[in-house]
Amino acid sequence: MVMTLPAPTAFDRVAETEYASWGRRVAAALLDSAVLGAVAWFVAGGAVAAPSLHPTYSMAQAAGLEAGVQPWTSSPVLVGAWLLLLALQGLTGQTPGRRVLDIAVVRAPADGGPVGGPPGVLRSILRFFAHLLDAILLVGYLRPLWQRERGTFADSLTGTVVVRRPSPRPAAPGTAWRSTAVTAGAYVAVTVGLAAGVSIGQSAGVERGADAVCALAPQDPDAPVRVGDVLLVRETEWRADRRLWPWADEQRRVERRRLSLEATWSVQGASVPGGTLLLRTTTESTADNEVPVDAGWASVPVERATGGVVDVEVLSGGRPLTSCSAAVPAGG
């Protein structure tokens, strides 16, 4: 009796292919990061950090420390995009970057057998969190350089491997367009990601807003320093990333509003104790700012001034020169 065995599927033949090289894995990860970066830029213009399928601790710290930038988990759209790529990885073994680089995430072989199919959505999500182990000193991300199956710690923990995608079997008449369309879509997503998701430079500036004059108390004419003007000024500090995207909106920028104290003075005596002045501001708390007396001008931040009145003192060598109070200017 002659038995006819079914033709192997694409993932059955993955066992015959090679494990993906470290270079291809890195390139695919960078392309996927560009895609997610483009989504973040379109959604928030740089005000929200971009997610990644390969977390690092430095990324988490930068997202938390950079002024005016919110974590990507604060945006439902970015969380959805992140989940979509993980779902694609789980259901097909590929993301746009992996499709372009012709590699796939699959289930690791069991007992020397062939590798399996796509890892599944749950395993794909668990694999992301397992990458946190890889992120420790980046050792896990470098592990494919020497590990036999070219896997990270996350691959070993979740039972996955990354392989070169096998060439598909000849498609049935009229269905070849599907694979071609998926590949074309991946190239489009990656192209848009590189154009809109990668910063090629940055511009920044400070815009001056409303101000309020602080009326000074009488000064000692024999003091070594005479204070001129003291102002409370509303300022907007902004920055904007430049992209290759041809329709980039110049107004897509990150802003941080602040209140500053500006003071001018002139030196009248031969010497000033310590060579510095002390600008003291009091709102909810008191802050002291030492500035060089030779400058003749200074601008210092006023913290925690959401409204109300700011009290100002100017001192030299512990000696009060003058003081004033001013209402926080409206706006911002």
# chains A, B, ... in the order shown; residues from 1 in each chain; ligands from 1
>>> residues_around(residues="region 135-137 of chain A", least_positions_apart="4", cutoff="7 Å", atoms="only C-alpha atoms", output="PDB file with C-alpha atoms, in the first residue's frame")
ATOM      1  CA  PRO A  55      12.759  47.491  26.298  1.00  0.00           C
ATOM      2  CA  THR A  56      15.925  48.822  27.899  1.00  0.00           C
ATOM      3  CA  TYR A  57      16.332  50.412  31.287  1.00  0.00           C
ATOM      4  CA  HIS A 131      13.288  40.983  27.522  1.00  0.00           C
ATOM      5  CA  TYR A 141      20.529  41.161  23.673  1.00  0.00           C
TER       6      TYR A 141
END
>>> select_by_dssp(residues="region 127-275 of chain A", states="helix (DSSP H, G or I)", output="number ranges by chain")
A: 127-134, 136-145, 153-158, 176-196, 273-275
>>> write_last_selection(atoms="N, CA and C atoms", output="compact mmCIF listing (two decimals), in the first residue's frame")
# COMPACT_ATOMS: atom_id res chain seq x y z
N ARG A 127 7.09 37.24 26.20
CA ARG A 127 8.44 37.40 25.67
C ARG A 127 8.92 38.84 25.81
N PHE A 128 7.99 39.81 25.63
CA PHE A 128 8.36 41.21 25.81
C PHE A 128 8.85 41.46 27.23
N PHE A 129 8.10 40.98 28.21
CA PHE A 129 8.50 41.22 29.60
C PHE A 129 9.76 40.44 29.96
N ALA A 130 9.96 39.29 29.32
CA ALA A 130 11.20 38.54 29.56
C ALA A 130 12.41 39.30 29.02
N HIS A 131 12.19 40.18 28.05
CA HIS A 131 13.29 40.98 27.52
C HIS A 131 13.87 41.92 28.58
N LEU A 132 13.12 42.16 29.67
CA LEU A 132 13.67 43.00 30.74
C LEU A 132 14.92 42.35 31.34
N LEU A 133 14.97 41.02 31.31
CA LEU A 133 16.18 40.33 31.75
C LEU A 133 17.31 40.56 30.75
N ASP A 134 16.98 40.57 29.46
CA ASP A 134 17.99 40.84 28.43
C ASP A 134 18.56 42.25 28.57
N ILE A 136 19.39 43.91 31.16
CA ILE A 136 20.39 44.11 32.22
C ILE A 136 21.77 44.12 31.58
N LEU A 137 22.37 45.29 31.53
CA LEU A 137 23.68 45.49 30.89
C LEU A 137 23.69 45.06 29.43
N LEU A 138 22.49 44.84 28.86
CA LEU A 138 22.33 44.45 27.45
C LEU A 138 22.95 43.09 27.14
N VAL A 139 23.30 42.32 28.17
CA VAL A 139 23.96 41.03 27.94
C VAL A 139 23.04 40.09 27.17
N GLY A 140 21.76 40.06 27.55
CA GLY A 140 20.83 39.16 26.87
C GLY A 140 20.65 39.48 25.41
N TYR A 141 20.67 40.78 25.08
CA TYR A 141 20.53 41.16 23.67
C TYR A 141 21.77 40.79 22.85
N LEU A 142 22.91 40.66 23.51
CA LEU A 142 24.13 40.25 22.82
C LEU A 142 24.29 38.73 22.77
N ARG A 143 23.51 38.02 23.56
CA ARG A 143 23.64 36.57 23.68
C ARG A 143 23.55 35.82 22.34
N PRO A 144 22.73 36.27 21.37
CA PRO A 144 22.69 35.54 20.09
C PRO A 144 24.03 35.47 19.37
N LEU A 145 24.99 36.29 19.78
CA LEU A 145 26.30 36.24 19.13
C LEU A 145 27.05 34.95 19.44
N PHE A 153 17.92 35.64 26.31
CA PHE A 153 17.35 35.00 27.50
C PHE A 153 15.84 34.90 27.37
N ALA A 154 15.22 35.92 26.77
CA ALA A 154 13.77 35.89 26.59
C ALA A 154 13.35 34.72 25.71
N ASP A 155 14.14 34.42 24.67
CA ASP A 155 13.83 33.27 23.82
C ASP A 155 13.88 31.98 24.62
N SER A 156 14.92 31.83 25.44
CA SER A 156 15.05 30.60 26.22
C SER A 156 13.93 30.46 27.25
N LEU A 157 13.55 31.57 27.87
CA LEU A 157 12.51 31.52 28.91
C LEU A 157 11.13 31.24 28.33
N THR A 158 10.87 31.74 27.13
CA THR A 158 9.53 31.58 26.56
C THR A 158 9.46 30.49 25.49
N ALA A 176 -1.58 34.47 -4.85
CA ALA A 176 -0.20 34.94 -4.63
C ALA A 176 -0.17 36.40 -4.21
N TRP A 177 -1.19 37.16 -4.59
CA TRP A 177 -1.21 38.58 -4.28
C TRP A 177 -1.26 38.84 -2.78
N ARG A 178 -1.78 37.87 -2.01
CA ARG A 178 -1.90 38.10 -0.57
C ARG A 178 -0.53 38.26 0.08
N SER A 179 0.37 37.32 -0.21
CA SER A 179 1.72 37.41 0.35
C SER A 179 2.43 38.65 -0.14
N THR A 180 2.24 38.95 -1.42
CA THR A 180 2.87 40.15 -1.98
C THR A 180 2.33 41.41 -1.31
N ALA A 181 1.02 41.43 -1.05
CA ALA A 181 0.41 42.61 -0.42
C ALA A 181 0.92 42.78 1.01
N VAL A 182 1.07 41.66 1.74
CA VAL A 182 1.58 41.75 3.12
C VAL A 182 3.00 42.28 3.12
N THR A 183 3.83 41.76 2.22
CA THR A 183 5.21 42.24 2.15
C THR A 183 5.26 43.71 1.75
N ALA A 184 4.43 44.11 0.79
CA ALA A 184 4.40 45.51 0.37
C ALA A 184 3.94 46.40 1.52
N GLY A 185 2.95 45.93 2.28
CA GLY A 185 2.49 46.70 3.44
C GLY A 185 3.59 46.88 4.47
N ALA A 186 4.39 45.83 4.68
CA ALA A 186 5.50 45.93 5.63
C ALA A 186 6.52 46.96 5.17
N TYR A 187 6.82 46.97 3.87
CA TYR A 187 7.77 47.94 3.35
C TYR A 187 7.23 49.37 3.47
N VAL A 188 5.93 49.54 3.25
CA VAL A 188 5.33 50.87 3.39
C VAL A 188 5.42 51.33 4.85
N ALA A 189 5.07 50.42 5.79
CA ALA A 189 5.12 50.78 7.21
C ALA A 189 6.54 51.15 7.63
N VAL A 190 7.52 50.39 7.17
CA VAL A 190 8.91 50.67 7.53
C VAL A 190 9.38 51.98 6.91
N THR A 191 8.98 52.23 5.66
CA THR A 191 9.38 53.48 5.00
C THR A 191 8.81 54.69 5.72
N VAL A 192 7.53 54.62 6.08
CA VAL A 192 6.92 55.71 6.84
C VAL A 192 7.59 55.84 8.20
N GLY A 193 7.92 54.69 8.81
CA GLY A 193 8.58 54.73 10.11
C GLY A 193 9.93 55.43 10.05
N LEU A 194 10.71 55.12 9.02
CA LEU A 194 12.02 55.76 8.90
C LEU A 194 11.89 57.25 8.61
N ALA A 195 10.86 57.64 7.86
CA ALA A 195 10.69 59.05 7.51
C ALA A 195 10.13 59.87 8.66
N ALA A 196 9.18 59.30 9.40
CA ALA A 196 8.50 60.07 10.44
C ALA A 196 8.89 59.67 11.85
N PRO A 273 31.33 91.61 48.87
CA PRO A 273 31.67 90.41 49.65
C PRO A 273 31.31 89.12 48.91
N GLY A 274 32.32 88.27 48.73
CA GLY A 274 32.09 86.98 48.09
C GLY A 274 31.95 87.04 46.59
N GLY A 275 31.82 88.24 46.02
CA GLY A 275 31.68 88.37 44.57
C GLY A 275 30.37 87.84 44.02
>>> select_by_dssp(residues="region 142-324 of chain A", states="strand (DSSP E)", output="PyMOL selection string")
chain A and resi 160-164+201-213+225-242+254-267+276-282+286-292+297-301+309-316+319-324
>>> closest_residue(among="A:Gly308, A:Ala215, A:Thr322, A:Trp245", to="Trp265 (chain A)", atoms="only C-alpha atoms")
A:Thr322
>>> closest_atom_pairs(of="region 214-305 of chain A", to="region 47-51 of chain A", cutoff="12 Å", atoms="only C-alpha atoms", output="CSV")
residue,atom,partner,partner_atom,distance
A:Trp238,CA,A:Ala47,CA,10.7
A:Arg239,CA,A:Ala47,CA,9.9
A:Ala240,CA,A:Ala47,CA,9.5
A:Asp241,CA,A:Ala47,CA,10.5
A:Gln251,CA,A:Ala47,CA,11.9
A:Arg252,CA,A:Ala47,CA,8.6
A:Arg253,CA,A:Ala47,CA,7.2
A:Val254,CA,A:Ala47,CA,5.3
A:Glu255,CA,A:Ala47,CA,8.2
A:Arg256,CA,A:Ala47,CA,10.3
>>> atom_distance(atom1="CA of Gly197 (chain A)", atom2="CA of Ala44 (chain A)")
11.8 Å
>>> closest_atom_pairs(of="region 118-188 of chain A", to="region 97-114 of chain A", cutoff="8 Å", atoms="only C-alpha atoms", output="tab-separated table")
residue	atom	partner	partner_atom	distance
A:Pro118	CA	A:Val106	CA	4.6
A:Pro119	CA	A:Arg107	CA	5.2
A:Gly159	CA	A:Ala108	CA	5.2
A:Thr160	CA	A:Arg107	CA	4.4
A:Val161	CA	A:Ala108	CA	5.3
A:Val162	CA	A:Val105	CA	4.5
A:Val163	CA	A:Ala104	CA	5.5
A:Arg164	CA	A:Ile103	CA	4.3
A:Arg165	CA	A:Ile103	CA	4.7
A:Thr183	CA	A:Arg99	CA	6.6
A:Ala186	CA	A:Arg99	CA	6.4
A:Tyr187	CA	A:Val100	CA	6.3
>>> atom_distance(atom1="CA of Val310 (chain A)", atom2="CA of Ala204 (chain A)")
28.3 Å
>>> closest_residue(among="A:Val267, A:Val227, A:Leu85, A:Val300", to="Val35 (chain A)", atoms="only C-alpha atoms")
A:Leu85
>>> residues_around(residues="Gln268 (chain A)", least_positions_apart="5", cutoff="8 Å", atoms="only C-alpha atoms", output="list in words")
Ala223, Pro224, Val225 and Arg226 of chain A
>>> write_last_selection(atoms="N, CA and C atoms", output="PDB file, in the first residue's frame")
ATOM      1  N   ALA A 223      25.234 101.322  49.781  1.00  0.00           N
ATOM      2  CA  ALA A 223      25.436  99.883  49.548  1.00  0.00           C
ATOM      3  C   ALA A 223      26.341  99.680  48.337  1.00  0.00           C
ATOM      4  N   PRO A 224      27.163  98.619  48.341  1.00  0.00           N
ATOM      5  CA  PRO A 224      28.087  98.388  47.213  1.00  0.00           C
ATOM      6  C   PRO A 224      27.388  98.025  45.908  1.00  0.00           C
ATOM      7  N   VAL A 225      26.137  97.604  45.981  1.00  0.00           N
ATOM      8  CA  VAL A 225      25.388  97.211  44.785  1.00  0.00           C
ATOM      9  C   VAL A 225      24.036  97.913  44.810  1.00  0.00           C
ATOM     10  N   ARG A 226      23.664  98.440  43.660  1.00  0.00           N
ATOM     11  CA  ARG A 226      22.331  99.039  43.549  1.00  0.00           C
ATOM     12  C   ARG A 226      21.508  98.210  42.572  1.00  0.00           C
TER      13      ARG A 226
END
